[in-house]
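Since the structure comes first, as structure tokens, the remarks are kept for the end.
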Amino acid sequence: NSRYQSLRNHPLEVSRRHPFLYAPTILSVAIRYDEMMKNCCRSAEDPTHNLEELVKPVKEDSLRQEHTCGILKKFGERTLKALKLAQISQKFPKADFVTVKKLVTDIANMHKDCCRGDMLDCMRDRILHYVCANQDILSSKIKKCCEKPLLQRSECIVNAENDDKPEDLSPHIREFIEDKGICERFAQEKDTHLARFLYEYSRRHPEFSAQMLLRIGKGYEDLLQECCKAGAPDNCCSRGVGEELKKHIYETESVMKTSCDIYKEKGDYYFQNELLMSFTKKMPQLTSAELIKFTKQMTTVGSKCCQLSQDKLLPCAEENLDLVLGEICRRHLTDPINPGVCHCCSSSYALRRPCMGKLEIDENYVPLSLTPDLFTFHEDLCTTEEEKLQHKKQEMLINLIKYKPQITQEQLSSVTAAFTAMREQCCKEASHEACFVRELTSFASGESLGLAVEGCGQRSFPG
């Protein structure tokens with residue numbers, strides 16, 4: 001019917017609205033959409049009912065592709081190849097270095113074509129044919145994927161489990177630490193030597209995130225530059241590698257464990273509030289809507305990853321967090337946030353997450369002035385819809401921090417308690433609005449909450 005025909009234009013709209021989507025993804029959407037419409041139109045169900053289910057993976061794929069293009073644009077082909085080398089080495093640990101290197105080069109070239117909008121060359125067909133034709137030497141986990149139609153094959157392989165490590169794979173990589181010829185190889189073929197190290201270390205550690213593996217690789221490179229200098233002690237490399245590994249492993253595992261402990265203790269809403277307090281102080285220039293969106297995405301990472309076993313936690317958590325941080329950095333490119341965020345988004349891809357974690361209060365930020373519209377409470381606060389109420393509380397929390405960035409956790413707890421008491425009182429009264437107006441002055445002035453700016457006297461609420 002005419003409605004069905006008009007809705008079939010949806011894949012075209014998807015490609016227009018998601019310019020970073022690769023051609024195979026768009027074609028896959030068209031097929032899925034066609035199947036969905038046929039099923040829905042045979043029933044009395046509204047055809048648009050399942051659109052969200054169709055669009056969700058499209059949005060996720062578009063975000064990942066935009067993320068990859070962002071890495072390529074900001075950090076260059078060398079960084080993208082290193083990232084793909086770590087990921088492919090983890091997924092195909094039985095593959096030899098030459099095979100992995102070929103895949104890395106082909107995939108990087110494909111991304112380069114896709115990111116510059118060359119859709120004719122932006123096709124995965126050749127790579128998929130190669131992977132499936134050589135699955136015996138690549139992975140035992142992709143057999144079912146390779147039996148699927150071409151357009152479904154790519155997504156299946158990307159989401160397939162990492163293959164089992166070879167049984168004879170030694171746990172250590174002594175040739176990169178103890179071999180007498182390390183410095184000579186590093187001097188003669190630096191990139192190849194570092195790529196071999198990253199390949200060997202990544203295939204042995206599927207429990208590490210790709211970003212952490214890049215940090216280890218960068219640490220190894222820095223170490224060789226020091227240890228290969230004239231006069232360096234004989235045990236420089238062996239001692240330094242151990243220290244470098246411990247540093248990166250401890251930092252990543254402790255951050256993720258602490259975050260997951262907080263998430264498990266507090267749950268979604270209060271965990272997001274913890275993130276809001278932290279990120280509003282780091283990035284007060286972001287709007288309330290942006291802060292709530294980004295911290296909501298981070299909370300979703302917690303709900304998705306913190307329930308996983310230890311060997312799956314780091315890859316899940318850091319690689320999904322990296323998508324959120326990539327989005328923040330793209331936001332910074334369009335409208336600069338502050339110098340701290342600029343440094344983290346520009347200096348090193350591998351160190352981006354630890355860098356963001358170390359950011360503290362933006363000392364150059366000029367706090368919001370206490371104006372009548374900074375804290376506005378209306379009778380819609382008496383809603384019984386918990387999600388709407390939580391959203392309003394979060395907006396208030398953000399404004400409080402933007403008004404007084406140095407506010408302590410104790411003060412925030414006091415404000416929350418005062419807000420809850422005020423809401424309960426006003427929602428019982430006949431005129432909710434009148435009560436909120438009456439209570440607003442004492443609440444916003446912070447007179448009993450310790451929110452006066454130190455050394456500047458008490459700020460009273462105007463009007």
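Order determines the names: the first chain of the structure tokens is A, the second B, and so forth; residues in each chain are numbered 1 upward, and ligands are numbered 1 upward as they are shown.
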
message: Based on the backbone DSSP call, show me all residues of range 206-320 of chain A assigned alpha helix (DSSP H), as a PyMOL selection string.
response: chain A and resi 210-227+236-282+288-305+310-320

For Lys165 in chain A, find every residue with an atom within 8 Å (counting only C-alpha atoms), except residues of its own chain fewer than 2 positions away, and show them as a PDB file with all heavy atoms, in the first residue's frame.
```pdb
ATOM      1  N   PRO A  93      44.356 -15.090  17.849  1.00  0.00           N
ATOM      2  CA  PRO A  93      45.686 -15.325  18.448  1.00  0.00           C
ATOM      3  C   PRO A  93      46.501 -16.422  17.770  1.00  0.00           C
ATOM      4  O   PRO A  93      47.714 -16.500  17.976  1.00  0.00           O
ATOM      5  CB  PRO A  93      45.357 -15.705  19.902  1.00  0.00           C
ATOM      6  CG  PRO A  93      43.962 -16.242  19.839  1.00  0.00           C
ATOM      7  CD  PRO A  93      43.274 -15.456  18.778  1.00  0.00           C
ATOM      8  N   LYS A  94      45.850 -17.264  16.956  1.00  0.00           N
ATOM      9  CA  LYS A  94      46.596 -18.331  16.268  1.00  0.00           C
ATOM     10  C   LYS A  94      47.208 -17.856  14.956  1.00  0.00           C
ATOM     11  O   LYS A  94      48.064 -18.524  14.376  1.00  0.00           O
ATOM     12  CB  LYS A  94      45.668 -19.517  16.002  1.00  0.00           C
ATOM     13  CG  LYS A  94      45.255 -20.268  17.272  1.00  0.00           C
ATOM     14  CD  LYS A  94      44.216 -21.330  16.973  1.00  0.00           C
ATOM     15  CE  LYS A  94      43.757 -22.006  18.268  1.00  0.00           C
ATOM     16  NZ  LYS A  94      42.578 -22.864  18.055  1.00  0.00           N
ATOM     17  N   ASP A 163      39.270 -16.176  19.570  1.00  0.00           N
ATOM     18  CA  ASP A 163      39.635 -17.589  19.454  1.00  0.00           C
ATOM     19  C   ASP A 163      40.510 -17.993  20.641  1.00  0.00           C
ATOM     20  O   ASP A 163      41.098 -17.138  21.333  1.00  0.00           O
ATOM     21  CB  ASP A 163      40.395 -17.821  18.144  1.00  0.00           C
ATOM     22  CG  ASP A 163      40.446 -19.293  17.765  1.00  0.00           C
ATOM     23  OD1 ASP A 163      39.626 -20.064  18.291  1.00  0.00           O
ATOM     24  OD2 ASP A 163      41.306 -19.669  16.945  1.00  0.00           O
ATOM     25  N   GLU A 167      47.935 -23.690  22.208  1.00  0.00           N
ATOM     26  CA  GLU A 167      48.341 -24.396  23.427  1.00  0.00           C
ATOM     27  C   GLU A 167      49.828 -24.249  23.722  1.00  0.00           C
ATOM     28  O   GLU A 167      50.244 -24.282  24.880  1.00  0.00           O
ATOM     29  CB  GLU A 167      47.975 -25.880  23.297  1.00  0.00           C
ATOM     30  CG  GLU A 167      46.470 -26.122  23.313  1.00  0.00           C
ATOM     31  CD  GLU A 167      46.137 -27.603  23.219  1.00  0.00           C
ATOM     32  OE1 GLU A 167      47.072 -28.426  23.261  1.00  0.00           O
ATOM     33  OE2 GLU A 167      44.935 -27.925  23.099  1.00  0.00           O
ATOM     34  N   LEU A 169      51.657 -21.635  23.167  1.00  0.00           N
ATOM     35  CA  LEU A 169      52.056 -20.224  23.282  1.00  0.00           C
ATOM     36  C   LEU A 169      52.632 -19.959  24.674  1.00  0.00           C
ATOM     37  O   LEU A 169      51.933 -20.101  25.683  1.00  0.00           O
ATOM     38  CB  LEU A 169      50.847 -19.311  23.036  1.00  0.00           C
ATOM     39  CG  LEU A 169      51.126 -17.816  22.894  1.00  0.00           C
ATOM     40  CD1 LEU A 169      51.948 -17.539  21.632  1.00  0.00           C
ATOM     41  CD2 LEU A 169      49.817 -17.033  22.843  1.00  0.00           C
ATOM     42  N   ARG A 203      48.060 -10.997  21.736  1.00  0.00           N
ATOM     43  CA  ARG A 203      47.506 -12.339  21.539  1.00  0.00           C
ATOM     44  C   ARG A 203      47.584 -13.171  22.817  1.00  0.00           C
ATOM     45  O   ARG A 203      46.859 -14.156  22.978  1.00  0.00           O
ATOM     46  CB  ARG A 203      48.221 -13.046  20.367  1.00  0.00           C
ATOM     47  CG  ARG A 203      49.681 -13.376  20.604  1.00  0.00           C
ATOM     48  CD  ARG A 203      50.423 -13.629  19.287  1.00  0.00           C
ATOM     49  NE  ARG A 203      50.052 -14.882  18.676  1.00  0.00           N
ATOM     50  CZ  ARG A 203      50.897 -15.922  18.526  1.00  0.00           C
ATOM     51  NH1 ARG A 203      52.161 -15.832  18.951  1.00  0.00           N
ATOM     52  NH2 ARG A 203      50.498 -17.018  17.940  1.00  0.00           N
ATOM     53  N   ARG A 204      48.454 -12.767  23.734  1.00  0.00           N
ATOM     54  CA  ARG A 204      48.566 -13.463  25.012  1.00  0.00           C
ATOM     55  C   ARG A 204      47.610 -12.916  26.065  1.00  0.00           C
ATOM     56  O   ARG A 204      47.418 -13.534  27.117  1.00  0.00           O
ATOM     57  CB  ARG A 204      50.009 -13.341  25.544  1.00  0.00           C
ATOM     58  CG  ARG A 204      51.003 -14.228  24.826  1.00  0.00           C
ATOM     59  CD  ARG A 204      52.431 -13.807  25.132  1.00  0.00           C
ATOM     60  NE  ARG A 204      53.407 -14.810  24.691  1.00  0.00           N
ATOM     61  CZ  ARG A 204      53.806 -14.962  23.428  1.00  0.00           C
ATOM     62  NH1 ARG A 204      53.320 -14.171  22.484  1.00  0.00           N
ATOM     63  NH2 ARG A 204      54.691 -15.889  23.110  1.00  0.00           N
TER      64      ARG A 204
END
```

- request: Select, from A:His129, A:His67, A:His205, A:Lys293, the residue with the minimum atom-to-atom distance to His111 in chain A, counting only C-alpha atoms.
  value: A:His67

task: Excluding Val324 in chain A and any residue of its chain fewer than 6 positions from it, enumerate the residues within 8 Å of it, using only C-alpha atoms, and give them as number ranges by chain.
output: A: 294, 297-298

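Surrounding range 412-428 of chain A within 9 Å are Glu379, Leu381, Cys382, Lys393, Leu397, Leu400, Ile401, Ile407, Thr408, Gln409, Glu410, Ala430, Ser431, His432, Glu433, Ala434, Cys435, Phe436, Glu439, Leu440, Phe443, Gly446, Leu449 and Gly450 of chain A, with only C-alpha atoms counted and residues fewer than 2 positions along the same chain left out.
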
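Using only C-alpha atoms, the nearest neighbour of Ile361 in chain A within the list A:Gln307, A:Asn273, A:Gln406, A:Gln135 is A:Gln406.
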
message: What does the structure give for the distance between CA of Cys260 in chain A and CA of Cys306 in chain A, in Å to one decimal?
response: 5.4 Å

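Residues in contact with Thr68 in chain A at up to 9 Å, not including ones fewer than 3 positions away on its chain and judged by only C-alpha atoms, are Leu63, Arg64, Gln65, Ile71, Leu72, Lys73, Leu80, His111 and Cys115 of chain A.
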
Excluding Arg196 in chain A and its own-chain neighbours fewer than 3 positions away, which residues fall within 10 Å of it when counting only C-alpha atoms? Please give them as a PDB file with C-alpha atoms, in the first residue's frame.
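Dumped to around17.pdb:
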```pdb
ATOM      1  CA  LEU A  85      46.679  -4.644  15.438  1.00  0.00           C
ATOM      2  CA  PHE A  97      52.246 -11.866  12.368  1.00  0.00           C
ATOM      3  CA  VAL A  98      52.333 -11.562   8.565  1.00  0.00           C
ATOM      4  CA  LYS A 101      49.644  -7.324   9.533  1.00  0.00           C
ATOM      5  CA  PHE A 176      61.597  -8.497  23.418  1.00  0.00           C
ATOM      6  CA  ASP A 191      57.809   0.292  13.661  1.00  0.00           C
ATOM      7  CA  THR A 192      58.060  -3.394  12.735  1.00  0.00           C
ATOM      8  CA  HIS A 193      59.751  -4.260  16.039  1.00  0.00           C
ATOM      9  CA  TYR A 199      51.096  -8.454  18.369  1.00  0.00           C
ATOM     10  CA  GLU A 200      52.812 -10.934  20.704  1.00  0.00           C
ATOM     11  CA  TYR A 201      51.619  -9.217  23.884  1.00  0.00           C
ATOM     12  CA  SER A 202      48.023  -8.727  22.655  1.00  0.00           C
TER      13      SER A 202
END
```
